[in-house]
Amino acid sequence: TSPKRVQVSADPRPGGCWWQPYNRELYYQDPAMDVANCSTEHRCICCVVSGSTMVIAGVSPTTAVVNEFVQLTLQGTAIPGDLVVLAFDCSAVGDPFLPHGSVIGSATFDPQHGTHRVNEVRLSDSGVYKLCYRKNGSNAFVEQAAVELQVVDPCSPVLITTGRATSCTERPQTAAQCEYSATRHSAIQEGITVTQNEQPDRPPGCWWQGGEKLFFNTKADSEQDCSTVHQCVCCATTTAATTLTA
């Protein structure tokens, strides 16, 4: 049946292409005249994009530690022949037929087949990785939209209780690194999560509110000193002449 252009009438109709089952008629109304919702009486017709290159909607967890195995769940469905590369830039994955190397020390792996499956991965460099996916039968890797894995390199933490946080020669640079580093300190219990904020009256960067909470202050130019209440988290390689507790 040839489509009919429906004019605006007293009865509201959906804009675009829609099907009316009772008389088996197909209609098209100017989308700008969309004055009604789709319904069982007026069934809107949508197009499904076949062969979508977006296979993985997310990963869990979204943070991992350098050179430590992580049980990474891919939120999507993988089939035999698919291939995953975790890379800082998917456009840099130039060879569409990368070898199927070992997962250990590599960012390339064959995903476990099925839906929402767990894959054991270990990465040797810190940074934010994109998930580049090559579907079976394809010859190109495609960056999966908004799917990232942050890999952090925690340091051995010490707590500074006097002076400026900037006196540290090395300190956690991100909230994730703050959390993974600080919770390795004997005074900070494992399982504490970091709260990120921007406060001019708190030390910049990573700091511990003795016995209570862990914070990462993005106010980099804050001049607030470290104290026994606001203990700055520094890396053990520091040479700062301040009070340190390991």
# chains A, B, ... in the order shown; residues from 1 in each chain; ligands from 1
call {"tool": "select_by_dssp", "arguments": {"residues": "stretch 21-245 of chain A", "states": "strand (DSSP E)", "output": "number ranges by chain"}}
result
A: 25-29, 43-44, 56-60, 63-65, 70-78, 83-87, 108-109, 114-115, 118-121, 127-134, 142-152, 157-160, 194-197, 205-209, 213-217, 230-235, 244-245
call {"tool": "residues_around", "arguments": {"residues": "A:Gln199", "least_positions_apart": "5", "cutoff": "10 Å", "atoms": "only C-alpha atoms", "output": "list of chain:residue names"}}
result
A:Pro204, A:Phe216, A:Asn217, A:Thr218, A:Lys219, A:Ala220, A:Asp221, A:Ser222, A:Gln224
call {"tool": "closest_residue", "arguments": {"among": "A:Gln150, A:Pro172, A:Arg43, A:Pro12", "to": "A:Arg24", "atoms": "only C-alpha atoms"}}
result
A:Arg43
call {"tool": "closest_residue", "arguments": {"among": "A:Leu159, A:Ile56, A:Val66, A:Val147", "to": "A:Pro111", "atoms": "only C-alpha atoms"}}
result
A:Ile56
call {"tool": "residues_around", "arguments": {"residues": "stretch 180-193 of chain A", "least_positions_apart": "3", "cutoff": "10 Å", "atoms": "only C-alpha atoms", "output": "count of residues only"}}
result
33
call {"tool": "decode", "arguments": {"residues": "stretch 84-95 of chain A", "atoms": "all heavy atoms", "output": "mmCIF file, in the first residue's frame"}}
result
data_model
loop_
_atom_site.group_PDB
_atom_site.id
_atom_site.type_symbol
_atom_site.label_atom_id
_atom_site.label_comp_id
_atom_site.auth_asym_id
_atom_site.auth_seq_id
_atom_site.Cartn_x
_atom_site.Cartn_y
_atom_site.Cartn_z
ATOM 1 N N VAL A 84 39.016 -7.484 21.610
ATOM 2 C CA VAL A 84 39.034 -6.244 22.386
ATOM 3 C C VAL A 84 40.459 -5.739 22.518
ATOM 4 O O VAL A 84 41.381 -6.517 22.773
ATOM 5 C CB VAL A 84 38.433 -6.464 23.792
ATOM 6 C CG1 VAL A 84 38.622 -5.222 24.663
ATOM 7 C CG2 VAL A 84 36.956 -6.803 23.693
ATOM 8 N N VAL A 85 40.620 -4.441 22.342
ATOM 9 C CA VAL A 85 41.885 -3.774 22.656
ATOM 10 C C VAL A 85 41.579 -2.628 23.606
ATOM 11 O O VAL A 85 40.696 -1.810 23.337
ATOM 12 C CB VAL A 85 42.584 -3.233 21.395
ATOM 13 C CG1 VAL A 85 43.823 -2.431 21.786
ATOM 14 C CG2 VAL A 85 42.976 -4.366 20.467
ATOM 15 N N LEU A 86 42.279 -2.578 24.738
ATOM 16 C CA LEU A 86 42.203 -1.441 25.646
ATOM 17 C C LEU A 86 43.381 -0.538 25.310
ATOM 18 O O LEU A 86 44.537 -0.947 25.413
ATOM 19 C CB LEU A 86 42.265 -1.906 27.099
ATOM 20 C CG LEU A 86 41.062 -2.729 27.574
ATOM 21 C CD1 LEU A 86 41.337 -3.353 28.930
ATOM 22 C CD2 LEU A 86 39.810 -1.867 27.628
ATOM 23 N N ALA A 87 43.078 0.678 24.878
ATOM 24 C CA ALA A 87 44.124 1.586 24.410
ATOM 25 C C ALA A 87 43.786 3.013 24.801
ATOM 26 O O ALA A 87 42.626 3.348 25.045
ATOM 27 C CB ALA A 87 44.276 1.479 22.898
ATOM 28 N N PHE A 88 44.797 3.872 24.873
ATOM 29 C CA PHE A 88 44.566 5.276 25.182
ATOM 30 C C PHE A 88 43.856 5.979 24.031
ATOM 31 O O PHE A 88 43.141 6.956 24.234
ATOM 32 C CB PHE A 88 45.884 5.985 25.494
ATOM 33 C CG PHE A 88 46.603 5.417 26.686
ATOM 34 C CD1 PHE A 88 47.940 5.093 26.607
ATOM 35 C CD2 PHE A 88 45.946 5.190 27.884
ATOM 36 C CE1 PHE A 88 48.618 4.567 27.708
ATOM 37 C CE2 PHE A 88 46.598 4.663 28.983
ATOM 38 C CZ PHE A 88 47.945 4.342 28.891
ATOM 39 N N ASP A 89 44.036 5.470 22.819
ATOM 40 C CA ASP A 89 43.445 6.087 21.635
ATOM 41 C C ASP A 89 43.125 4.990 20.628
ATOM 42 O O ASP A 89 44.034 4.346 20.103
ATOM 43 C CB ASP A 89 44.422 7.101 21.035
ATOM 44 C CG ASP A 89 43.869 7.807 19.802
ATOM 45 O OD1 ASP A 89 42.700 7.551 19.437
ATOM 46 O OD2 ASP A 89 44.612 8.618 19.205
ATOM 47 N N CYS A 90 41.835 4.762 20.378
ATOM 48 C CA CYS A 90 41.446 3.679 19.470
ATOM 49 C C CYS A 90 41.917 3.937 18.045
ATOM 50 O O CYS A 90 42.136 2.986 17.289
ATOM 51 C CB CYS A 90 39.929 3.475 19.492
ATOM 52 S SG CYS A 90 39.311 2.732 21.030
ATOM 53 N N SER A 91 42.076 5.194 17.670
ATOM 54 C CA SER A 91 42.529 5.478 16.311
ATOM 55 C C SER A 91 43.970 5.045 16.111
ATOM 56 O O SER A 91 44.435 4.902 14.981
ATOM 57 C CB SER A 91 42.382 6.971 16.004
ATOM 58 O OG SER A 91 43.254 7.744 16.821
ATOM 59 N N ALA A 92 44.688 4.829 17.227
ATOM 60 C CA ALA A 92 46.079 4.384 17.133
ATOM 61 C C ALA A 92 46.182 2.876 16.948
ATOM 62 O O ALA A 92 47.262 2.338 16.703
ATOM 63 C CB ALA A 92 46.842 4.800 18.386
ATOM 64 N N VAL A 93 45.053 2.177 17.089
ATOM 65 C CA VAL A 93 45.045 0.729 16.882
ATOM 66 C C VAL A 93 44.940 0.521 15.373
ATOM 67 O O VAL A 93 43.859 0.337 14.823
ATOM 68 C CB VAL A 93 43.870 0.062 17.629
ATOM 69 C CG1 VAL A 93 43.929 -1.449 17.463
ATOM 70 C CG2 VAL A 93 43.904 0.435 19.102
ATOM 71 N N GLY A 94 46.086 0.566 14.708
ATOM 72 C CA GLY A 94 46.078 0.591 13.252
ATOM 73 C C GLY A 94 45.955 -0.761 12.593
ATOM 74 O O GLY A 94 45.400 -0.873 11.498
ATOM 75 N N ASP A 95 46.484 -1.825 13.219
ATOM 76 C CA ASP A 95 46.456 -3.133 12.586
ATOM 77 C C ASP A 95 45.142 -3.818 12.898
ATOM 78 O O ASP A 95 44.881 -4.166 14.042
ATOM 79 C CB ASP A 95 47.620 -3.980 13.094
ATOM 80 C CG ASP A 95 47.728 -5.327 12.387
ATOM 81 O OD1 ASP A 95 46.820 -5.652 11.598
ATOM 82 O OD2 ASP A 95 48.701 -6.045 12.637
#
